[in-house]
Amino acid sequence: MPGRDPGGLVGTVLIGIAGAFIGGWLSATFLDRPIANNVVDPGLWVAAIAGSLVLLIVYRLLFGHSRDPR
């Protein structure tokens, strides 16, 4: 996501990774899409990216105004 994030680089990366895991888990659980050992599964990539974006957006909405721009 473009723009300044309140958590910095490391925080943003960790939130993105957590969101990717959550997106993959939700895809496997609710959409009945098994997680394959294949890392080039397009559905898994879409779920991981969507999950990380949702988690980053929620994080930015909750904590985005805690830092004043300089």
# chains A, B, ... in the order shown; residues from 1 in each chain; ligands from 1
$ select_by_dssp --residues "range 37-67 of chain A" --states "helix (DSSP H, G or I)" --output "list in words"
Pro42, Gly43, Leu44, Trp45, Val46, Ala47, Ala48, Ile49, Ala50, Gly51, Ser52, Leu53, Val54, Leu55, Leu56, Ile57, Val58, Tyr59, Arg60, Leu61, Leu62 and Phe63 of chain A
$ closest_residue --among "A:Leu62, A:Leu56, A:Leu44, A:Val10" --to "Trp25 in chain A" --atoms "only C-alpha atoms"
A:Leu44
$ atom_distance --atom1 "CA of Ala28 in chain A" --atom2 "CA of Leu61 in chain A"
26.9 Å
$ residues_around --residues "Gly23 in chain A" --least-positions-apart "6" --cutoff "10 Å" --atoms "only C-alpha atoms" --output "VMD selection string"
chain A and resid 17 29 44 to 55
$ atom_distance --atom1 "CA of Ser27 in chain A" --atom2 "CA of Gly64 in chain A"
27.6 Å
$ atom_distance --atom1 "CA of Asp32 in chain A" --atom2 "CA of Gly16 in chain A"
22.9 Å
